[in-house]
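See structure below.
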Amino acid sequence: MQLNLNNLPTDTELLHRLVRDIVCTIDHRDSEIERLRSIIKQLQRAQFGRRSERLDPDQLALGLEDLDGDLTREGESRPPVEKQHTERSSRRKPLPDHLPRQDVRLDVDNMTCGCCGGALHIIGESVSDMLDWVPAQLRVIRTTRPKYACRSCKTVMQAPAPERVIAGGMATPALLAQVLVSKYCDHTPLYRQSQIFARHGVDLPRSTLAGWVGGACWWLEALHICLTKSVFASDHLFADDTPVPVLDPGRGRTKTGRLWVHAREQRGWGGPEPPAAVYMFGPDRRAERPATHLENFKGVLHVDGYAGFEPLTGRGDVVLAACWSHTRRRFYEVAQATSAPIATEALRRIAELYAIEANVRGQSPVHRLAARHNRSRPIIDAVRLWLEAQLPLVPGRSTLAEAIRYALSRWEGLTRFLHDSRIELDTNPVERAIRPVALGRKNHLFAGSDGGGRRWAVLCSLIETCKLNDVEPYAYLHDVLPRMVDGHPVNRLDELLPWAWKAGNLVKS
């Protein structure tokens with residue numbers, strides 16, 4: 001709005017209208033400036049600040065005072081460094097029994113007392129353990145198959161050649177397992193592995209290693225399908241997705257694919273099914289992707305705010321549970337950017353809910369439901385009334401108003417946990433399953449093709465499920481690959497899923 005200050009109108013009513021228009025314009029601009037400043041601070045924090053949403057201890061004060069059990073608050077005094085070190089040493093876990101031992105005996109030079117010359121007799125001994133490292137070693141397994149001939153009928157006999165994971169390949173299952181775990185569990189790109197092998201004097205180009213990964217995944221895809229059926233047969237799942245850059249050779253750059261992650265986690269309420277995570281690769285983020293993956297799923301789906309999950313509810317057999325962690329994150333961003341008291345108060349109230357959940361985690365569904373009914377429900381009811389009262393008091397276009405509207409628009413999904421004790425407060429189980437993908441994406445940058453994205457999904461599914469069930473991924477793949485090659489029955493593939501494999505093996509993580 002532009003005004004000619006030298007030629008202002010003399011009509012009072014017109015002047016009043018102009019003043020009102022100016023005030024509205026200023027309010028709108030102030031709101032927009034606050035919103036843009038908040039976005040800038042969020043971007044700065046994302047690039048330079050810490051990622052954790054750690055809350056101020058004062059925000060937990062009211063929520064922790066009435067909890068049973070021991071809860072340590074952030075900010076309490078800590079013992080001196082020397083004392084911490086001593087206590088850690090006294091509580092150090094014993095070294096695992098499955099590790100091989102090498103005994104070293106250090107004895108005195110002679111059995112005569114150096115003081116009086118008398119004979120020495122043993123009264124005890126001191127034993128201490130130290131953890132040693134045996135460097136990795138490459139070796140060659142040379143297989144010889146003698147040929148025999150019959151002089152009478154000219155028949156030639158020879159033991160059949162053993163089946164290999166990769167036809168004509170020189171990698172044993174142990175080496176293949178090492179390559180797979182190094183890339184998809186320890187996030188070491190193939191070109192770096194090639195350099196490591198070169199230091200051992202063996203030339204293994206990256207293209208060769210990539211071929212090995214593809215060959216191993218050809219066998220493991222059947223296990224991925226079996227794992228997917230097991231997970232999607234559950235009635236409570238967590239779902240999310242994360243971007244994965246995929247090389248696009250024709251355009252000379254990368255395109256953005258997606259890894260859709262579906263996690264099963266029932267340990268919070270003592271459920272019967274083992275934890276698991278299934279990854280599915282998709283070339284885009286269209287809503288038809290989760291609709292295809294979950295076409296046979298029935299039950300509660302824990303999700304974030306992505307609208308692509310909404311069409312699933314149209315079938316009538318899928319219920320969406322919203323995520324308090326995503327709701328809290330919006331208020332946290334506002335509190336970090338503007339220190340708004342309303343955002344800080346919202347964080348404190350949400351922290352009370354999390355404090356109650358921490359107290360009942362791992363309890364039976366009946367106990368969890370009773371605690372939520374008696375303690376969480378009053379907090380939830382008060383939070384909604386409070387948010388509805390605060391919304392008219394803040395600028396409509398501000399990030400704080402957006403955070404409030406985000407919570408209120410998903411209130412039904414956010415409060416489902418009050419009626420079903422098996423529903424968790426957030427989608428953190430699937431967020432944790434996504435974290436390894438982010439680390440891998442940072443290290444090996446992109447998948448070489450859509451096929452590489454699908455292989456990424458297969459290996460991540462098996463390795464992450466191993467980790468969730470305390471199974472050592474290398475030991476698992478080292479054992480499962482030969483079994484698959486040796487013709488493990490297709491109708492018994494469930495025996496090779498990580499939790500079933502763990503039950504039949506004594507390998508410890």
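By order in the structure tokens, chains are A, B, ...; within a chain, residues start at 1; ligands start at 1, following the order shown.
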
Next on the checklist: Using DSSP assignments from the backbone, pull out every residue in segment 212-297 of chain A that falls under strand (DSSP E or B) and give it to me as number ranges by chain.
Outcome noted: A: 236-248, 253-264, 276-282

Quick one: everything within 8 Å of segment 261-273 of chain A, counting only C-alpha atoms, minus sequence neighbours fewer than 2 positions away in the same chain. Send it as a PDB file with C-alpha atoms, in the first residue's frame.
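Generated file (around23.pdb):
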```pdb
ATOM      1  CA  VAL A 231       5.289 -58.964   8.745  1.00  0.00           C
ATOM      2  CA  SER A 234       0.463 -58.775  11.703  1.00  0.00           C
ATOM      3  CA  HIS A 236      -0.103 -53.640  14.187  1.00  0.00           C
ATOM      4  CA  LEU A 237       2.609 -52.140  11.973  1.00  0.00           C
ATOM      5  CA  PHE A 238       4.680 -48.965  11.677  1.00  0.00           C
ATOM      6  CA  ALA A 239       5.174 -47.428   8.227  1.00  0.00           C
ATOM      7  CA  ASP A 240       7.348 -44.670   6.800  1.00  0.00           C
ATOM      8  CA  ASP A 241       9.556 -43.946   3.807  1.00  0.00           C
ATOM      9  CA  LEU A 259      12.581 -47.056   0.412  1.00  0.00           C
ATOM     10  CA  PRO A 275      10.388 -57.642  15.894  1.00  0.00           C
ATOM     11  CA  ALA A 276      11.068 -57.238  12.189  1.00  0.00           C
ATOM     12  CA  ALA A 277      11.536 -54.611   9.490  1.00  0.00           C
ATOM     13  CA  VAL A 278      10.702 -54.938   5.809  1.00  0.00           C
ATOM     14  CA  TYR A 279      11.992 -52.512   3.172  1.00  0.00           C
ATOM     15  CA  MET A 280      10.365 -52.110  -0.232  1.00  0.00           C
ATOM     16  CA  ARG A 361       6.774 -49.730  28.655  1.00  0.00           C
ATOM     17  CA  GLY A 362       7.023 -53.511  28.603  1.00  0.00           C
ATOM     18  CA  GLN A 363       3.993 -53.942  30.871  1.00  0.00           C
ATOM     19  CA  SER A 364       0.967 -56.049  29.991  1.00  0.00           C
ATOM     20  CA  PRO A 365      -1.729 -54.524  27.746  1.00  0.00           C
ATOM     21  CA  ARG A 368      -0.866 -50.080  30.058  1.00  0.00           C
ATOM     22  CA  SER A 421      -2.882 -50.457  24.662  1.00  0.00           C
ATOM     23  CA  ARG A 422      -0.968 -52.068  21.782  1.00  0.00           C
ATOM     24  CA  GLU A 424       2.477 -46.799  20.711  1.00  0.00           C
ATOM     25  CA  PRO A 429      10.415 -48.046  15.801  1.00  0.00           C
ATOM     26  CA  VAL A 430      10.238 -47.372  12.072  1.00  0.00           C
ATOM     27  CA  ALA A 433      14.785 -48.682  11.081  1.00  0.00           C
ATOM     28  CA  ILE A 434      15.250 -45.782   8.651  1.00  0.00           C
TER      29      ILE A 434
END
```

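One distance worth recording is that between atom CA of Phe331 of chain A and atom CA of Ala343 of chain A, which is 5.1 Å.
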
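Residue nearest Asn443 of chain A, chosen from A:Val165, A:Ser126, A:Tyr184, A:Asp103 and counting only C-alpha atoms: A:Tyr184.
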
Which segment 223-320 of chain A residues have any atom within 12 Å of an atom of segment 386-407 of chain A, and for each, what is the nearest pair of atoms with distance in Å to one decimal, counting only C-alpha atoms, rows sorted by chain and number, as a tab-separated table?
```
residue	atom	partner	partner_atom	distance
A:Asp304	CA	A:Tyr406	CA	11.1
A:Gly305	CA	A:Tyr406	CA	8.6
A:Tyr306	CA	A:Tyr406	CA	11.8
```

Residues as selected, C-alpha atoms, written as a PDB file, in the first residue's frame, can you do that?
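Output below, filename again.pdb:
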```
ATOM      1  CA  ASP A 304       3.425 -39.841  10.240  1.00  0.00           C
ATOM      2  CA  GLY A 305       1.552 -37.030   8.525  1.00  0.00           C
ATOM      3  CA  TYR A 306       2.016 -38.279   4.929  1.00  0.00           C
TER       4      TYR A 306
END
```

Checklist entry - Can you tell me, as JSON, numbers by chain, what residues are no more than 12 Å from Arg483 of chain A when counting only C-alpha atoms, ignoring any on the same chain fewer than 4 positions away? => result {"A": [163, 164, 165, 173, 219, 220, 223, 476, 477, 478, 479, 487, 488, 489, 490, 492, 493, 495, 496, 501]}

Next on the checklist: Neighbouring residues of Tyr474 of chain A were defined as those with any atom within 10 Å, considering only C-alpha atoms; residues of the same chain fewer than 3 positions away were excluded. Please report them as a count of residues only.
Outcome noted: 18

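Checking A:Glu352, A:Glu13, A:Glu464, A:Glu288 one by one against Asp186 of chain A, counting only C-alpha atoms, you find the shortest gap at A:Glu464.
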